[in-house]
file data.txt (compact mmCIF, C-alpha atoms and all ligand atoms)
# COMPACT_ATOMS: atom_id res chain seq x y z
CA MET A 1 0.00 0.00 0.00
CA ILE A 2 1.34 3.45 -0.88
CA ARG A 3 1.43 5.70 2.17
CA HIS A 4 1.03 9.46 1.91
CA SER A 5 4.48 9.95 3.42
CA THR A 6 6.05 7.67 0.78
CA LEU A 7 4.99 9.83 -2.16
CA PRO A 8 8.04 12.19 -2.08
CA LYS A 9 10.32 9.14 -2.16
CA LEU A 10 8.38 7.51 -4.99
CA ALA A 11 8.54 10.79 -6.90
CA GLN A 12 12.34 10.44 -6.92
CA CYS A 13 12.47 6.68 -7.40
CA ALA A 14 9.41 4.75 -8.56
CA LYS A 15 10.88 1.54 -7.13
CA TYR A 16 11.39 2.87 -3.58
CA GLU A 17 10.13 0.62 -0.76
CA SER A 18 9.92 1.81 2.84
CA ASP A 19 12.13 0.09 5.37
CA PRO A 20 9.66 -1.26 7.97
CA VAL A 21 12.11 -0.61 10.83
CA ALA A 22 11.67 2.97 12.10
CA GLY A 23 15.03 4.53 12.95
CA PRO A 24 15.74 6.88 15.88
CA ALA A 25 15.01 9.95 13.70
CA ALA A 26 11.48 8.67 12.92
CA GLU A 27 10.88 7.85 16.58
CA ARG A 28 11.98 11.36 17.56
CA GLY A 29 9.57 12.79 14.96
CA THR A 30 6.67 10.73 16.33
CA LYS A 31 7.34 11.93 19.87
CA MET A 32 7.53 15.55 18.78
CA ASP A 33 4.28 15.16 16.77
CA ALA A 34 2.56 13.94 19.96
CA ALA A 35 3.89 16.93 21.91
CA TYR A 36 2.83 19.35 19.13
CA ARG A 37 -0.75 18.04 19.12
CA ALA A 38 -0.98 18.05 22.92
CA LEU A 39 0.26 21.64 23.18
CA LEU A 40 -2.20 22.79 20.51
CA MET A 41 -5.02 21.17 22.47
CA GLY A 42 -3.81 22.69 25.74
CA GLN A 43 -3.04 19.25 27.19
CA PRO A 44 0.03 18.06 29.12
CA VAL A 45 2.85 16.85 26.88
CA PRO A 46 2.59 13.01 26.98
CA VAL A 47 6.23 12.26 26.07
CA ASN A 48 9.68 13.06 27.42
CA LEU A 49 11.54 15.61 25.31
CA GLU A 50 14.89 17.36 25.63
CA THR A 51 14.60 21.07 26.36
CA GLU A 52 15.62 22.07 22.83
CA GLU A 53 13.09 19.62 21.35
CA LEU A 54 10.31 21.10 23.45
CA GLU A 55 11.36 24.62 22.44
CA ALA A 56 11.31 23.57 18.78
CA VAL A 57 7.79 22.17 19.14
CA MET A 58 6.63 25.32 20.94
CA TRP A 59 7.95 27.38 18.04
CA ALA A 60 5.85 25.22 15.68
CA VAL A 61 2.73 25.69 17.82
CA ASP A 62 3.20 29.48 17.88
CA THR A 63 3.85 29.57 14.12
CA ALA A 64 0.75 27.50 13.31
CA ARG A 65 -1.37 29.76 15.52
CA ASP A 66 0.05 32.88 13.82
CA LEU A 67 -0.67 31.48 10.36
CA ALA A 68 -4.19 30.41 11.37
CA ASP A 69 -4.75 34.03 12.35
CA GLY A 70 -6.93 33.25 15.36
CA ALA A 71 -9.03 30.57 13.67
CA TYR A 72 -9.53 27.20 15.39
CA ILE A 73 -6.86 24.56 14.75
CA GLU A 74 -7.93 20.92 15.01
CA ALA A 75 -5.22 18.77 16.61
CA ASP A 76 -7.18 15.68 17.64
CA GLU A 77 -5.51 12.84 15.73
CA ALA A 78 -8.83 10.99 15.28
CA LYS A 79 -10.26 13.99 13.40
CA LEU A 80 -7.27 14.52 11.13
CA LYS A 81 -7.60 11.53 8.82
CA VAL A 82 -7.22 12.21 5.09
CA THR A 83 -8.43 9.98 2.27
CA THR A 84 -6.87 10.83 -1.07
CA PRO A 85 -8.28 9.68 -4.43
CA GLY A 86 -5.94 7.04 -5.88
CA LEU A 87 -4.44 6.02 -2.52
CA ASP A 88 -5.74 3.17 -0.37
CA HIS A 89 -3.83 4.45 2.66
CA THR A 90 -5.57 6.83 5.06
CA GLY A 91 -3.18 9.65 5.96
CA THR A 92 -3.12 11.57 9.23
CA GLU A 93 -2.26 15.25 9.33
CA ASP A 94 -0.65 16.85 12.36
CA SER A 95 -3.19 19.68 12.57
CA ARG A 96 -5.70 21.48 10.39
CA CYS A 97 -7.47 24.82 10.20
CA GLU A 98 -10.65 24.28 8.17
CA ASP A 99 -11.59 27.99 8.28
CA GLU A 100 -8.38 28.91 6.46
CA ASN A 101 -8.30 25.81 4.16
CA MET A 102 -4.94 25.06 5.66
CA SER A 103 -3.18 22.10 7.25
CA PHE A 104 0.11 21.91 9.13
CA ASP A 105 2.74 19.19 9.14
CA LEU A 106 5.46 19.22 11.78
CA LYS A 107 8.80 18.12 10.35
CA THR A 108 11.90 17.26 12.34
CA GLY A 109 15.46 16.73 11.14
CA GLN A 110 16.77 17.82 7.77
CA MET A 111 14.64 20.15 5.62
CA ARG A 112 13.27 18.32 2.59
CA SER A 113 10.65 19.06 -0.07
CA TYR A 114 7.68 16.81 0.95
CA TYR A 115 5.85 18.38 -2.02
CA GLU A 116 4.05 15.22 -3.17
CA GLN A 117 2.92 14.27 0.36
CA MET A 118 1.49 17.77 0.78
CA ALA A 119 -0.23 17.50 -2.62
CA ALA A 120 -1.91 14.28 -1.44
CA TYR A 121 -3.12 15.96 1.77
CA ALA A 122 -4.39 18.98 -0.19
CA LEU A 123 -6.20 16.75 -2.67
CA GLY A 124 -7.83 14.73 0.11
CA ASN A 125 -8.93 17.86 1.97
CA LEU A 126 -10.32 19.53 -1.14
CA GLU A 127 -12.14 16.35 -2.15
CA ARG A 128 -13.74 16.09 1.30
CA GLN A 129 -14.67 19.74 1.54
CA PHE A 130 -15.84 20.69 -1.92
CA THR A 131 -16.73 17.78 -4.23
CA GLU A 132 -20.33 17.68 -3.10
CA HIS A 133 -20.85 21.42 -3.48
CA PHE A 134 -18.81 22.54 -6.51
CA ASP A 135 -18.95 21.73 -10.20
CA GLN A 136 -15.72 20.35 -11.72
CA GLN A 137 -14.41 23.74 -12.89
CA ARG A 138 -14.95 25.38 -9.50
CA LEU A 139 -13.49 22.33 -7.79
CA ASN A 140 -10.36 22.47 -9.98
CA GLU A 141 -9.79 26.10 -8.99
CA SER A 142 -10.43 25.67 -5.26
CA THR A 143 -7.29 25.85 -3.14
CA TRP A 144 -5.79 24.28 -0.04
CA THR A 145 -2.58 25.41 1.68
CA CYS A 146 -0.17 23.00 3.34
CA VAL A 147 2.35 24.39 5.79
CA LEU A 148 5.53 22.49 6.59
CA LEU A 149 6.84 23.45 10.02
CA PHE A 150 10.58 22.65 10.08
CA CYS A 151 10.86 23.06 13.82
CA ASP A 152 14.58 22.22 14.22
CA GLN A 153 15.44 25.05 11.80
CA ARG A 154 12.61 27.37 12.92
CA GLU A 155 11.53 27.75 9.30
CA PHE A 156 8.26 27.10 7.55
CA THR A 157 7.27 26.49 3.96
CA ARG A 158 3.78 27.25 2.70
CA ILE A 159 2.53 25.50 -0.44
CA GLU A 160 -0.81 26.41 -1.96
CA PHE A 161 -2.39 23.79 -4.23
CA THR A 162 -5.41 24.03 -6.48
CA TYR A 163 -7.39 20.81 -6.75
CA ALA A 164 -6.15 20.43 -10.34
CA THR A 165 -2.46 20.86 -9.39
CA ALA A 166 -2.67 18.53 -6.41
CA LYS A 167 -4.38 15.87 -8.51
CA ALA A 168 -1.80 16.18 -11.28
CA VAL A 169 1.05 15.76 -8.77
CA VAL A 170 -0.46 12.68 -7.11
CA ASP A 171 -1.52 11.10 -10.41
CA GLY A 172 1.98 11.75 -11.82
CA VAL A 173 3.63 9.79 -9.02
CA LEU A 174 1.12 6.93 -9.25
CA GLU A 175 1.60 6.75 -13.01
CA ALA A 176 5.38 6.46 -12.61
CA VAL A 177 4.99 3.78 -9.92
CA ASN A 178 2.59 1.77 -12.09
CA ASP A 179 4.80 2.02 -15.18
CA PRO A 180 5.90 -1.56 -15.93
CA ASN A 181 9.18 -0.21 -17.33
CA ALA A 182 10.04 1.90 -14.26
CA GLN A 183 13.70 1.64 -13.27
CA PRO A 184 15.27 2.35 -9.86
CA THR A 185 16.84 5.81 -9.66
CA ALA A 186 19.45 6.42 -6.96
CA CYS A 187 18.27 9.34 -4.86
CA GLU A 188 18.48 11.01 -1.46
CA TYR A 189 16.10 8.42 0.00
CA CYS A 190 18.11 5.29 -0.90
CA SER A 191 19.42 4.86 2.64
CA TRP A 192 15.78 4.63 3.87
CA CYS A 193 14.83 2.06 1.23
CA ARG A 194 14.54 -1.61 2.19
CA LYS A 195 16.38 -2.52 -1.05
CA ALA A 196 19.33 -0.25 -0.28
CA ASP A 197 21.89 -3.04 -0.12
CA THR A 198 20.83 -5.00 -3.16
CA CYS A 199 19.45 -2.39 -5.59
CA VAL A 200 21.22 -2.39 -8.95
CA ALA A 201 21.11 1.43 -9.06
CA ARG A 202 23.49 1.38 -6.11
CA THR A 203 25.53 -1.76 -6.60
CA GLY A 204 26.08 -0.98 -10.31
CA PRO A 205 27.99 2.30 -9.81
CA VAL A 206 30.10 0.73 -7.08
CA VAL A 207 31.11 -2.16 -9.33
CA GLU A 208 31.63 0.09 -12.36
CA THR A 209 33.73 2.62 -10.45
CA ALA A 210 35.90 -0.14 -9.01
CA ALA A 211 36.30 -1.66 -12.48
CA LEU A 212 37.24 1.69 -13.98
CA VAL A 213 39.92 2.32 -11.37
CA GLN A 214 41.33 -1.19 -11.86
CA ALA A 215 41.30 -0.94 -15.66
CA GLU A 216 44.63 -1.39 -17.34
CA THR A 217 44.88 2.16 -18.48
CA SER A 218 46.54 5.14 -16.82
CA LEU A 219 44.67 7.44 -14.45
CA GLU A 220 45.66 10.31 -16.70
CA ALA A 221 43.89 8.60 -19.62
CA ILE A 222 40.80 8.03 -17.47
CA ARG A 223 40.77 11.71 -16.41
CA ALA A 224 41.26 12.94 -19.98
CA GLY A 225 38.50 10.66 -21.27
CA LEU A 226 36.02 11.92 -18.69
CA LEU A 227 36.92 15.59 -19.10
CA ALA A 228 36.43 15.31 -22.85
CA ASP A 229 32.80 14.26 -22.38
CA PRO A 230 30.80 16.44 -19.91
CA ALA A 231 27.81 14.07 -19.91
CA LYS A 232 30.08 11.14 -19.02
CA LEU A 233 31.87 13.31 -16.46
CA GLY A 234 28.60 14.20 -14.71
CA LEU A 235 27.55 10.56 -14.62
CA PHE A 236 30.94 9.47 -13.30
CA LEU A 237 30.84 12.05 -10.47
CA GLN A 238 27.34 10.89 -9.56
CA LYS A 239 28.47 7.24 -9.48
CA ALA A 240 31.66 8.05 -7.63
CA ALA A 241 29.61 9.86 -4.96
CA ILE A 242 27.51 6.72 -4.50
CA PHE A 243 30.73 4.63 -4.36
CA GLU A 244 32.14 6.91 -1.67
CA LYS A 245 28.93 7.20 0.37
CA GLU A 246 27.68 3.64 0.14
CA LEU A 247 30.90 1.64 0.14
CA VAL A 248 33.96 3.58 1.31
CA LYS A 249 32.37 5.48 4.20
CA PRO A 250 30.49 2.52 5.76
CA LEU A 251 33.64 0.41 5.41
CA LYS A 252 35.78 3.07 7.08
CA ASP A 253 33.29 3.32 9.95
CA ALA A 254 33.30 -0.46 10.33
CA THR A 255 37.13 -0.52 10.21
CA LYS A 256 37.26 1.97 13.09
CA GLU A 257 35.06 -0.35 15.13
CA LEU A 258 37.24 -3.37 14.27
CA LEU A 259 40.41 -1.55 15.30
CA ALA A 260 38.76 -0.32 18.49
CA ALA A 261 37.97 -3.96 19.29
CA ASP A 262 41.68 -4.84 18.74
CA THR A 263 41.14 -6.61 15.41
CA GLU A 264 44.12 -6.01 13.17
CA VAL A 265 43.44 -4.39 9.79
CA PRO A 266 46.79 -4.34 7.94
CA GLY A 267 47.86 -0.84 6.92
CA TRP A 268 45.42 0.97 9.23
CA LYS A 269 45.44 2.16 12.83
CA LEU A 270 43.39 4.49 15.02
CA GLN A 271 44.90 7.86 15.72
CA VAL A 272 43.47 9.55 18.79
CA SER A 273 43.74 13.31 18.89
CA LYS A 274 43.14 15.25 22.09
CA GLY A 275 39.89 17.23 22.11
CA ALA A 276 40.40 21.00 21.93
CA GLU A 277 40.42 22.76 25.31
CA HIS A 278 37.82 25.44 25.97
CA PHE A 279 36.38 27.50 28.84
CA ASP A 280 32.65 28.05 29.08
CA ARG A 281 30.69 31.31 29.27
CA ILE A 282 30.70 31.36 33.09
CA ALA A 283 34.50 30.97 33.24
CA VAL A 284 34.97 33.78 30.71
CA VAL A 285 32.61 36.18 32.51
CA SER A 286 34.13 35.29 35.87
CA ALA A 287 37.68 36.04 34.66
CA ALA A 288 36.50 39.29 33.05
CA VAL A 289 34.90 40.44 36.34
CA ARG A 290 37.92 39.42 38.44
CA GLY A 291 40.33 41.11 36.03
CA LYS A 292 38.08 44.18 35.55
CA SER A 293 38.26 43.68 31.79
CA GLY A 294 36.84 46.34 29.51
CA LEU A 295 34.28 45.26 26.88
CA ASP A 296 36.60 45.89 23.95
CA ASP A 297 39.40 43.89 25.60
CA LEU A 298 37.00 40.99 26.30
CA VAL A 299 35.61 40.92 22.74
CA ALA A 300 39.14 41.11 21.26
CA ALA A 301 40.28 38.23 23.50
CA MET A 302 37.37 36.10 22.25
CA GLY A 303 38.40 36.49 18.64
CA GLY A 304 36.82 39.84 17.87
CA ASP A 305 34.36 39.15 15.08
CA MET A 306 30.85 37.76 15.32
CA LYS A 307 29.09 35.74 12.59
CA GLY A 308 26.41 37.74 10.74
CA GLU A 309 23.46 35.60 11.82
CA ALA A 310 24.52 35.59 15.50
CA TYR A 311 25.14 39.36 15.45
CA ARG A 312 21.73 40.06 13.91
CA ALA A 313 19.99 37.77 16.42
CA TRP A 314 21.88 39.47 19.26
CA CYS A 315 20.93 42.97 18.06
CA ALA A 316 17.30 41.84 17.76
CA LYS A 317 17.43 40.52 21.32
CA LEU A 318 18.87 43.83 22.53
CA GLY A 319 16.31 45.73 20.49
CA VAL A 320 18.93 47.77 18.60
CA PRO A 321 18.95 48.14 14.80
CA VAL A 322 21.82 46.66 12.78
CA ASN A 323 23.97 49.31 11.14
CA GLU A 324 24.33 47.76 7.67
CA ASN A 325 27.47 49.83 6.99
CA ASP A 326 29.23 47.82 9.72
CA ALA A 327 28.65 44.51 7.89
CA LYS A 328 31.86 43.02 6.42
CA ARG A 329 31.58 40.27 3.85
CA ASP A 330 34.18 37.57 3.05
CA MET A 331 34.89 36.41 -0.47
CA GLY A 332 32.21 33.81 -1.37
CA THR A 333 33.20 30.24 -2.13
CA THR A 334 32.20 28.11 -5.10
CA ARG A 335 31.26 24.51 -4.35
CA LEU A 336 30.40 21.69 -6.67
CA VAL A 337 27.00 20.25 -5.74
CA ALA A 338 24.55 17.89 -7.42
CA ASP A 339 21.91 19.81 -9.40
CA LYS A 340 18.54 18.67 -8.02
CA PRO A 341 15.15 20.17 -8.95
CA LYS A 342 13.48 22.19 -6.20
CA LYS A 343 9.72 21.88 -5.94
CA ALA A 344 8.54 23.40 -2.68
CA ARG A 345 8.18 27.16 -2.56
CA LYS A 346 9.42 29.06 0.43
CA ALA A 347 6.88 31.11 2.30
CA ALA A 348 6.89 34.81 1.60
S1 LIG B 1 17.75 1.71 -3.26
FE1 LIG B 1 17.11 1.43 -5.38
S2 LIG B 1 14.92 1.15 -5.29
FE2 LIG B 1 15.55 2.00 -3.33
S3 LIG B 1 15.31 4.23 -3.59
FE3 LIG B 1 17.42 3.75 -4.11
S4 LIG B 1 17.42 3.41 -6.32
FE4 LIG B 1 15.30 3.30 -5.62

call {"tool": "encode", "arguments": {"input": "data.txt", "output": "C-alpha cells"}}
result
Amino acid sequence: MIRHSTLPKLAQCAKYESDPVAGPAAERGTKMDAAYRALLMGQPVPVNLETEELEAVMWAVDTARDLADGAYIEADEAKLKVTTPGLDHTGTEDSRCEDENMSFDLKTGQMRSYYEQMAAYALGNLERQFTEHFDQQRLNESTWTCVLLFCDQREFTRIEFTYATAKAVVDGVLEAVNDPNAQPTACEYCSWCRKADTCVARTGPVVETAALVQAETSLEAIRAGLLADPAKLGLFLQKAAIFEKELVKPLKDATKELLAADTEVPGWKLQVSKGAEHFDRIAVVSAAVRGKSGLDDLVAAMGGDMKGEAYRAWCAKLGVPVNENDAKRDMGTTRLVADKPKKARKAA
C-alpha cells in the first residue's frame, strides 16, 4: 500500500520501498508530533523531550497559531484523517485549520521538499470539503494550503495547491509507480529504502567505479576521457559519490570499530587526537569580572568578530537596529553540488 508519506520518495524513485524498521530519527519525529498536538489542544505533553526539542515544538505551535490568524486549529488525531483519491492508505495530518483551508505538518530533522505528500493531503482535503458542493471547474480552482513546520530550523514552507495541481502531482507519481518499465533511480532516499543493499542502481555504480579504477589504463587517460565528455563526467561524479557514500564510508566506519575492538586491519590504525580545550561562558565572565576587563578587551580576546546571523539575532534581542554599513563580507566560495530540482516554494 502506498502511504502518503512515501509519495516524495516515490517521486524520486518509482521503485522505492519503505524500510519497515523505524530509525531513531522517525521515533523522535513521532514523539515531537505527539507533543505538538498536545500543546495545541492545551493538554500536558505526553512524552519526554529534551529542552531544545520542546522549544522547537513550541515554536511550531506558535507559528501554526500565527498562520491560522486566530481561527480554530484541530489537533485531535482521530479527526485529522485524510483519504486521497488514488491512494488506499488513510493519511493523518498533524493539525488542520478548516476555516483557512490550511493544514500543518510538523517536520523534524533535515529540511526536505515533501511536495508530493502535501499535494496528497491537499487533494484529500479539497475532495472532502468541496466535491459535493462545486462543479468540476470550480473544484479544480479551489485551493488548499499546506504548511511544513521545520521546527529544528525554525523555518516554515507554505505550499498552496489548487485541486487540479494537487491531482496532477499525485496522479503523476502513481503513473510512474505503475509504469511496468520503471527503473530504480538512486536518490536522497536510498538509505531509507529496504532494497538499499541490493538495488542495482546502487551496486552498479560501485562495481563500475571499481572496475574503472582497476582498468589497465593510466589514471591520466581516465581523467582525460572523462573531461572530454561532460555528460560522461557528470555521470561518473554521480556514481563516484555513491561509491564513496555507500561503500567507502560505511567500510571506514566499520574498520574503526574493528580496530577499536583490537582486530588487526593491515595498513590501518586508530589515531586519537586530544579534544580541543575550551572555557565556558561562566568561566569567561568570571575572569572578566575578576580582572576588571573592559568590553573591547574581552571581545578582542574572544576572537573579535561575530558571525552575521549571530550578530543580527543578538541585536534583535537587545532591540537595537543593525547598522548595515558595519557589515563586512568575506569572499564567497564556489562549491560543486549535485543539481537537483526544487519543488517546494518558500513562504513569503
Ligand atoms: S535503493 Fe534502489 S529502489 Fe531503493 S530508492 Fe534507491 S534506487 Fe530506488

call {"tool": "residues_near_ligand", "arguments": {"input": "data.txt", "ligand": "ligand LIG 1 (chain B)", "cutoff": "7 Å", "atoms": "all atoms listed in the file", "output": "compact mmCIF listing (two decimals) with C-alpha atoms, in the coordinates of the input"}}
result
# COMPACT_ATOMS: atom_id res chain seq x y z
CA CYS A 13 12.47 6.68 -7.40
CA ALA A 14 9.41 4.75 -8.56
CA LYS A 15 10.88 1.54 -7.13
CA TYR A 16 11.39 2.87 -3.58
CA GLU A 17 10.13 0.62 -0.76
CA PRO A 184 15.27 2.35 -9.86
CA THR A 185 16.84 5.81 -9.66
CA ALA A 186 19.45 6.42 -6.96
CA CYS A 187 18.27 9.34 -4.86
CA TYR A 189 16.10 8.42 0.00
CA CYS A 190 18.11 5.29 -0.90
CA SER A 191 19.42 4.86 2.64
CA CYS A 193 14.83 2.06 1.23
CA ARG A 194 14.54 -1.61 2.19
CA LYS A 195 16.38 -2.52 -1.05
CA ALA A 196 19.33 -0.25 -0.28
CA CYS A 199 19.45 -2.39 -5.59
CA VAL A 200 21.22 -2.39 -8.95
CA ALA A 201 21.11 1.43 -9.06
CA ARG A 202 23.49 1.38 -6.11

call {"tool": "residues_around", "arguments": {"input": "data.txt", "residues": "Glu77 of chain A", "least_positions_apart": "2", "cutoff": "10 Å", "atoms": "only C-alpha atoms", "output": "ChimeraX atom specification"}}
result
/A:34,37-38,74-75,79-81,92-95

call {"tool": "residues_around", "arguments": {"input": "data.txt", "residues": "segment 107-118 of chain A", "least_positions_apart": "6", "cutoff": "6 Å", "atoms": "all atoms listed in the file", "output": "NGL selection string"}}
result
:A and (4-5 or 7-8 or 29 or 149-150 or 152 or 344)

call {"tool": "atom_distance", "arguments": {"input": "data.txt", "atom1": "atom CA of Glu160 of chain A", "atom2": "atom CA of His89 of chain A"}}
result
22.6 Å

call {"tool": "closest_atom_pairs", "arguments": {"input": "data.txt", "of": "segment 172-284 of chain A", "to": "segment 314-337 of chain A", "cutoff": "12 Å", "atoms": "only C-alpha atoms", "output": "CSV"}}
result
residue,atom,partner,partner_atom,distance
A:Gly234,CA,A:Val337,CA,10.9
A:Leu237,CA,A:Val337,CA,10.2
A:Gln238,CA,A:Val337,CA,10.1
A:Ala241,CA,A:Val337,CA,10.7

call {"tool": "closest_residue", "arguments": {"input": "data.txt", "among": "A:Glu52, A:Gln183, A:Leu40, A:Leu235", "to": "Arg96 of chain A", "atoms": "only C-alpha atoms"}}
result
A:Leu40

call {"tool": "atom_distance", "arguments": {"input": "data.txt", "atom1": "atom CA of Met1 of chain A", "atom2": "atom CA of Met32 of chain A"}}
result
25.5 Å

call {"tool": "residues_around", "arguments": {"input": "data.txt", "residues": "Ile2 of chain A", "least_positions_apart": "5", "cutoff": "10 Å", "atoms": "only C-alpha atoms", "output": "PyMOL selection string"}}
result
chain A and resi 7+10+17-18+86-90+174+177

call {"tool": "write_last_selection", "arguments": {"input": "data.txt", "atoms": "C-alpha atoms", "output": "compact mmCIF listing (two decimals), in the frame of the given file"}}
result
# COMPACT_ATOMS: atom_id res chain seq x y z
CA LEU A 7 4.99 9.83 -2.16
CA LEU A 10 8.38 7.51 -4.99
CA GLU A 17 10.13 0.62 -0.76
CA SER A 18 9.92 1.81 2.84
CA GLY A 86 -5.94 7.04 -5.88
CA LEU A 87 -4.44 6.02 -2.52
CA ASP A 88 -5.74 3.17 -0.37
CA HIS A 89 -3.83 4.45 2.66
CA THR A 90 -5.57 6.83 5.06
CA LEU A 174 1.12 6.93 -9.25
CA VAL A 177 4.99 3.78 -9.92

call {"tool": "atom_distance", "arguments": {"input": "data.txt", "atom1": "atom CA of Gly275 of chain A", "atom2": "atom CA of Leu295 of chain A"}}
result
29.0 Å

call {"tool": "axis_aligned_box", "arguments": {"input": "data.txt", "around": "segment 47-56 of chain A", "padding_each_side": "6 Å", "output": "lines of an AutoDock Vina configuration file"}}
result
center_x = 10.9
center_y = 18.4
center_z = 23.1
size_x = 21.4
size_y = 24.4
size_z = 20.6

call {"tool": "closest_residue", "arguments": {"input": "data.txt", "among": "A:Asp197, A:Asp76, A:Asp69, A:Asn140", "to": "Asp19 of chain A", "atoms": "all atoms listed in the file"}}
result
A:Asp197

call {"tool": "closest_residue", "arguments": {"input": "data.txt", "among": "A:Cys151, A:Ala119, A:Met102, A:Val169", "to": "Trp59 of chain A", "atoms": "all atoms listed in the file"}}
result
A:Cys151

call {"tool": "residues_around", "arguments": {"input": "data.txt", "residues": "Thr162 of chain A", "least_positions_apart": "4", "cutoff": "7 Å", "atoms": "only C-alpha atoms", "output": "count of residues only"}}
result
6

call {"tool": "closest_residue", "arguments": {"input": "data.txt", "among": "A:Gln43, A:Thr198, A:Thr263, A:Thr203", "to": "Glu244 of chain A", "atoms": "all atoms listed in the file"}}
result
A:Thr203

call {"tool": "closest_residue", "arguments": {"input": "data.txt", "among": "A:Ala310, A:Leu219, A:Val170, A:Ala122", "to": "Glu98 of chain A", "atoms": "all atoms listed in the file"}}
result
A:Ala122

call {"tool": "closest_residue", "arguments": {"input": "data.txt", "among": "A:Asp253, A:Trp192, A:Val82, A:Val265", "to": "Val21 of chain A", "atoms": "all atoms listed in the file"}}
result
A:Trp192

call {"tool": "residues_around", "arguments": {"input": "data.txt", "residues": "segment 284-289 of chain A", "least_positions_apart": "5", "cutoff": "12 Å", "atoms": "only C-alpha atoms", "output": "PyMOL selection string"}}
result
chain A and resi 278-279+294-299+301-302

call {"tool": "build_atoms", "arguments": {"input": "data.txt", "residues": "segment 67-80 of chain A", "atoms": "N, CA and C atoms", "output": "short mmCIF file (atom, residue, chain, number, x, y, z; two decimals), in the frame of the given file"}}
result
data_model
loop_
_atom_site.label_atom_id
_atom_site.label_comp_id
_atom_site.auth_asym_id
_atom_site.auth_seq_id
_atom_site.Cartn_x
_atom_site.Cartn_y
_atom_site.Cartn_z
N LEU A 67 -0.22 31.64 11.74
CA LEU A 67 -0.67 31.48 10.36
C LEU A 67 -2.18 31.25 10.30
N ALA A 68 -2.74 30.64 11.34
CA ALA A 68 -4.19 30.41 11.37
C ALA A 68 -4.94 31.70 11.68
N ASP A 69 -4.19 32.69 12.14
CA ASP A 69 -4.75 34.03 12.35
C ASP A 69 -5.97 34.01 13.29
N GLY A 70 -5.86 33.26 14.36
CA GLY A 70 -6.93 33.25 15.36
C GLY A 70 -8.00 32.20 15.12
N ALA A 71 -8.00 31.59 13.95
CA ALA A 71 -9.03 30.57 13.67
C ALA A 71 -8.69 29.27 14.42
N TYR A 72 -9.72 28.43 14.62
CA TYR A 72 -9.53 27.20 15.39
C TYR A 72 -8.64 26.21 14.63
N ILE A 73 -7.71 25.59 15.36
CA ILE A 73 -6.86 24.56 14.75
C ILE A 73 -7.22 23.22 15.38
N GLU A 74 -7.61 22.28 14.53
CA GLU A 74 -7.93 20.92 15.01
C GLU A 74 -6.63 20.15 15.19
N ALA A 75 -6.44 19.54 16.37
CA ALA A 75 -5.22 18.77 16.61
C ALA A 75 -5.52 17.37 17.15
N ASP A 76 -6.81 17.02 17.17
CA ASP A 76 -7.18 15.68 17.64
C ASP A 76 -6.91 14.69 16.51
N GLU A 77 -5.97 13.77 16.77
CA GLU A 77 -5.51 12.84 15.73
C GLU A 77 -6.68 12.12 15.05
N ALA A 78 -7.70 11.75 15.83
CA ALA A 78 -8.83 10.99 15.28
C ALA A 78 -9.61 11.81 14.25
N LYS A 79 -9.49 13.15 14.33
CA LYS A 79 -10.26 13.99 13.40
C LYS A 79 -9.40 14.52 12.26
N LEU A 80 -8.20 13.98 12.13
CA LEU A 80 -7.27 14.52 11.13
C LEU A 80 -6.95 13.51 10.03
#
